[in-house]
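One structure below.
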Amino acid sequence: MTTYTTLIILSGLVIFSYLFDLVASKTKLPSVLLLLLLGIGLRVLVDNLQLHTFNFLTILPTLGTVGLILIVFEGSLELKYEREKNKLIKGAFLSAFFILIATVSIITFIIYQITGKELYVCFTNAIPFSVISSAIAIPSAAALSNKGKEFIIYESSFSDILGIILFNFAISNPHISVSSFAGLGLNTILILILSAVSGITLLYLMGRISHHIKFFLIISILILVYAIGQSYHLSSLVLILSFGLFLNNADTIKHAYFRSVFIYKNLSNDLTQLYQLSAESAFIIRTFFFVIFGFTMNIYALNDGIVIANGLIILATIFVIRFVYLKLFRKENSGTESFIAPRGLISILLYFNLPPALKIPEVGTAFLFMVVLGSSLIMSIGLLSAKKTVQTAAPAEH
């Protein structure tokens with residue numbers, strides 16, 4: 001493949017992704033779903049033409065990690081903290097926590113019934129299927145009201161963070177003991193301290209860097225700190241969410257010393273540019289990640305009736321638990337929020353980070369692909385139904 005052919009393909013994918021975003025804004029069909037289908041279509045074309053390609057699985061986890069960081073960061077830069085939002089934030093956290101625990105528990109039981117493996121192995125394999133993907137949920141929430149959108153941003157980000165904490169805890173502790181929970185507590189304290197120090201340091205740097213290129217430097221430092229934290233099994237996504245929230249709310253801090261040292265004249269303009277850069281970078285990374293994921297999937301494995309049946313059971317579990325919880329505990333739920341429980345980037349990353357000894361053949365990539373695709377389809381149906389309901393009800397309001 002020549003250099004020009006590669007450039008044509010890469011540019012074409014970005015253009016298609018942009019068009020998919022336009023389609024998504026009009027139809028509420030997630031652009032991620034269209035990217036997955038594009039990847040599948042390219043794979044079928046390559047197979048029919050018998051072309052040799054690069055092993056994209058080697059770069060998929062790296063792309064996914066960078067995408068996750070940028071998407072959570074972009075979402076957190078949209079959030080403005082107000083004391084009145086404490087109830088919403090608490091509700092989003094509790095929703096993420098209890099839905100995650102309930103989903104992991106039931107999917108663990110399902111995998112145990114399917115495979116007969118020991119419960120610990122089933123538990124670790126259940127976690128990737130139990131985490132809401134903020135990479136898909138946050139862009140899809142744009143169709144909701146402001147409160148609904150903020151709830152989804154907080155909930156999906158908390159779900160990612162709690163999912164990573166639970167995954168790291170499970171992988172690091174095959175046998176649970178008191179020291180396991182002590183280590184978890186220590187790691188939580190460390191990441192909170194690291195988040196506070198990093199946030200203040202990066203804000204200080206933003207105000208002091210006079211070079212015309214500084215936002216990629218800030219994002220690179222953020223990714224570096226995230227990677228260092230993750231290498232020590234710290235849940236560094238807390239750092240990303242905290243930094244975005246801190247930046248977007250720093251100007252509300254009234255302390256005189258803080259304002260004199262950290263708040264500078266062009267902060268508002270810099271935040272706008274940083275948000276724009278992170279949003280466009282996330283768009284590019286998300287495009288390539290989901291096209292490559294669709295491309296690397298063996299769709300022919302979906303001819304297996306057992307894989308389809310088990311995947312449908314997992315999907316039913318995910319959405320029944322979510323529907324019941326939100327119905328009982330979230331009065332502001334419009335109904336549409338019950339459908340926003342996609343599995344995607346975070347699920348794929350956690351699955352690929354499972355140690356080989358813990359991977360179960362019956363719960364392979366085809367199974368994962370079906371759950372990712374199926375949850376996005378269900379979310380699309382929910383969003384489209386909500387759109388039709390609003391359109392039907394609109395004339396009656398006049």
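Every chain in the structure tokens takes a letter, A first, then B, and so on in the order presented; its residues are numbered from 1, and the ligands are numbered from 1 following the presented order.
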Legend entry - Those in range 66-214 of chain A with helix (DSSP H, G or I) from DSSP, as number ranges by chain: A: 66-76, 83-115, 119-130, 134-143, 146-172, 178-208
Within 12 Å of Leu19 in chain A using only C-alpha atoms, minus same-chain residues under 2 positions, as a PDB file with N, CA, C and O atoms, in the first residue's frame:
```pdb
ATOM      1  N   GLY A  12     -10.496   9.631   4.064  1.00  0.00           N
ATOM      2  CA  GLY A  12     -11.850   9.166   3.771  1.00  0.00           C
ATOM      3  C   GLY A  12     -12.586   8.741   5.030  1.00  0.00           C
ATOM      4  O   GLY A  12     -13.782   9.033   5.202  1.00  0.00           O
ATOM      5  N   LEU A  13     -11.883   8.057   5.950  1.00  0.00           N
ATOM      6  CA  LEU A  13     -12.512   7.623   7.204  1.00  0.00           C
ATOM      7  C   LEU A  13     -12.951   8.813   8.047  1.00  0.00           C
ATOM      8  O   LEU A  13     -14.038   8.800   8.635  1.00  0.00           O
ATOM      9  N   VAL A  14     -12.115   9.855   8.096  1.00  0.00           N
ATOM     10  CA  VAL A  14     -12.468  11.059   8.867  1.00  0.00           C
ATOM     11  C   VAL A  14     -13.681  11.740   8.245  1.00  0.00           C
ATOM     12  O   VAL A  14     -14.596  12.181   8.959  1.00  0.00           O
ATOM     13  N   ILE A  15     -13.707  11.821   6.908  1.00  0.00           N
ATOM     14  CA  ILE A  15     -14.847  12.444   6.228  1.00  0.00           C
ATOM     15  C   ILE A  15     -16.131  11.653   6.483  1.00  0.00           C
ATOM     16  O   ILE A  15     -17.184  12.235   6.781  1.00  0.00           O
ATOM     17  N   PHE A  16     -16.040  10.326   6.389  1.00  0.00           N
ATOM     18  CA  PHE A  16     -17.201   9.477   6.669  1.00  0.00           C
ATOM     19  C   PHE A  16     -17.673   9.684   8.112  1.00  0.00           C
ATOM     20  O   PHE A  16     -18.875   9.769   8.378  1.00  0.00           O
ATOM     21  N   SER A  17     -16.721   9.765   9.045  1.00  0.00           N
ATOM     22  CA  SER A  17     -17.068   9.949  10.447  1.00  0.00           C
ATOM     23  C   SER A  17     -17.792  11.271  10.657  1.00  0.00           C
ATOM     24  O   SER A  17     -18.760  11.354  11.427  1.00  0.00           O
ATOM     25  N   ASP A  21     -21.593  11.831  11.986  1.00  0.00           N
ATOM     26  CA  ASP A  21     -21.995  12.727  13.074  1.00  0.00           C
ATOM     27  C   ASP A  21     -23.177  13.600  12.667  1.00  0.00           C
ATOM     28  O   ASP A  21     -24.073  13.867  13.480  1.00  0.00           O
ATOM     29  N   LEU A  22     -23.174  14.054  11.415  1.00  0.00           N
ATOM     30  CA  LEU A  22     -24.298  14.843  10.911  1.00  0.00           C
ATOM     31  C   LEU A  22     -25.575  14.005  10.871  1.00  0.00           C
ATOM     32  O   LEU A  22     -26.654  14.469  11.255  1.00  0.00           O
ATOM     33  N   VAL A  23     -25.438  12.752  10.421  1.00  0.00           N
ATOM     34  CA  VAL A  23     -26.581  11.830  10.396  1.00  0.00           C
ATOM     35  C   VAL A  23     -27.084  11.586  11.817  1.00  0.00           C
ATOM     36  O   VAL A  23     -28.289  11.596  12.078  1.00  0.00           O
ATOM     37  N   ALA A  24     -26.138  11.405  12.753  1.00  0.00           N
ATOM     38  CA  ALA A  24     -26.493  11.139  14.157  1.00  0.00           C
ATOM     39  C   ALA A  24     -27.264  12.305  14.766  1.00  0.00           C
ATOM     40  O   ALA A  24     -28.212  12.110  15.528  1.00  0.00           O
ATOM     41  N   SER A  25     -26.860  13.540  14.422  1.00  0.00           N
ATOM     42  CA  SER A  25     -27.533  14.714  14.986  1.00  0.00           C
ATOM     43  C   SER A  25     -28.971  14.840  14.485  1.00  0.00           C
ATOM     44  O   SER A  25     -29.822  15.404  15.165  1.00  0.00           O
ATOM     45  N   LYS A  26     -29.238  14.299  13.304  1.00  0.00           N
ATOM     46  CA  LYS A  26     -30.584  14.385  12.728  1.00  0.00           C
ATOM     47  C   LYS A  26     -31.462  13.202  13.118  1.00  0.00           C
ATOM     48  O   LYS A  26     -32.667  13.338  13.313  1.00  0.00           O
ATOM     49  N   PRO A  30     -26.542   6.604  16.901  1.00  0.00           N
ATOM     50  CA  PRO A  30     -25.162   6.885  17.329  1.00  0.00           C
ATOM     51  C   PRO A  30     -24.160   6.717  16.195  1.00  0.00           C
ATOM     52  O   PRO A  30     -24.192   5.716  15.472  1.00  0.00           O
ATOM     53  N   SER A  31     -23.274   7.690  16.044  1.00  0.00           N
ATOM     54  CA  SER A  31     -22.267   7.620  14.985  1.00  0.00           C
ATOM     55  C   SER A  31     -21.334   6.430  15.196  1.00  0.00           C
ATOM     56  O   SER A  31     -20.802   5.881  14.234  1.00  0.00           O
ATOM     57  N   VAL A  32     -21.161   6.030  16.455  1.00  0.00           N
ATOM     58  CA  VAL A  32     -20.302   4.884  16.770  1.00  0.00           C
ATOM     59  C   VAL A  32     -20.824   3.621  16.096  1.00  0.00           C
ATOM     60  O   VAL A  32     -20.054   2.801  15.579  1.00  0.00           O
ATOM     61  N   LEU A  34     -22.504   3.457  13.319  1.00  0.00           N
ATOM     62  CA  LEU A  34     -22.203   3.564  11.887  1.00  0.00           C
ATOM     63  C   LEU A  34     -20.718   3.299  11.629  1.00  0.00           C
ATOM     64  O   LEU A  34     -20.358   2.689  10.616  1.00  0.00           O
ATOM     65  N   LEU A  35     -19.843   3.734  12.558  1.00  0.00           N
ATOM     66  CA  LEU A  35     -18.411   3.472  12.415  1.00  0.00           C
ATOM     67  C   LEU A  35     -18.109   1.976  12.512  1.00  0.00           C
ATOM     68  O   LEU A  35     -17.276   1.446  11.751  1.00  0.00           O
ATOM     69  N   THR A 287     -13.007   7.821  15.893  1.00  0.00           N
ATOM     70  CA  THR A 287     -13.228   7.364  14.515  1.00  0.00           C
ATOM     71  C   THR A 287     -12.390   6.136  14.211  1.00  0.00           C
ATOM     72  O   THR A 287     -12.905   5.086  13.803  1.00  0.00           O
TER      73      THR A 287
END
```
Legend entry - Residue contacts of Leu119 in chain A (12 Å, only C-alpha atoms) excluding same-chain residues fewer than 3 positions away, as an NGL selection string: :A and (104-116 or 122-126 or 170 or 174-175 or 358)
Inset, instruction - Go through A:Val291, A:Ile213, A:Leu222, A:Leu326 one by one, measure the shortest atom-to-atom distance of each to Thr201 in chain A using only C-alpha atoms, and give the residue with the smallest value. - result: A:Leu222
Inset, instruction - Excluding range 315-325 of chain A and residues on its chain fewer than 3 positions from it, collect all residues at most 10 Å away from it, counting only C-alpha atoms, and give them as a ChimeraX atom specification. - result: /A:95-96,98-100,102-104,106-107,110,129-132,309-312,328-330,333,335-343,370-372,374-375,378-379
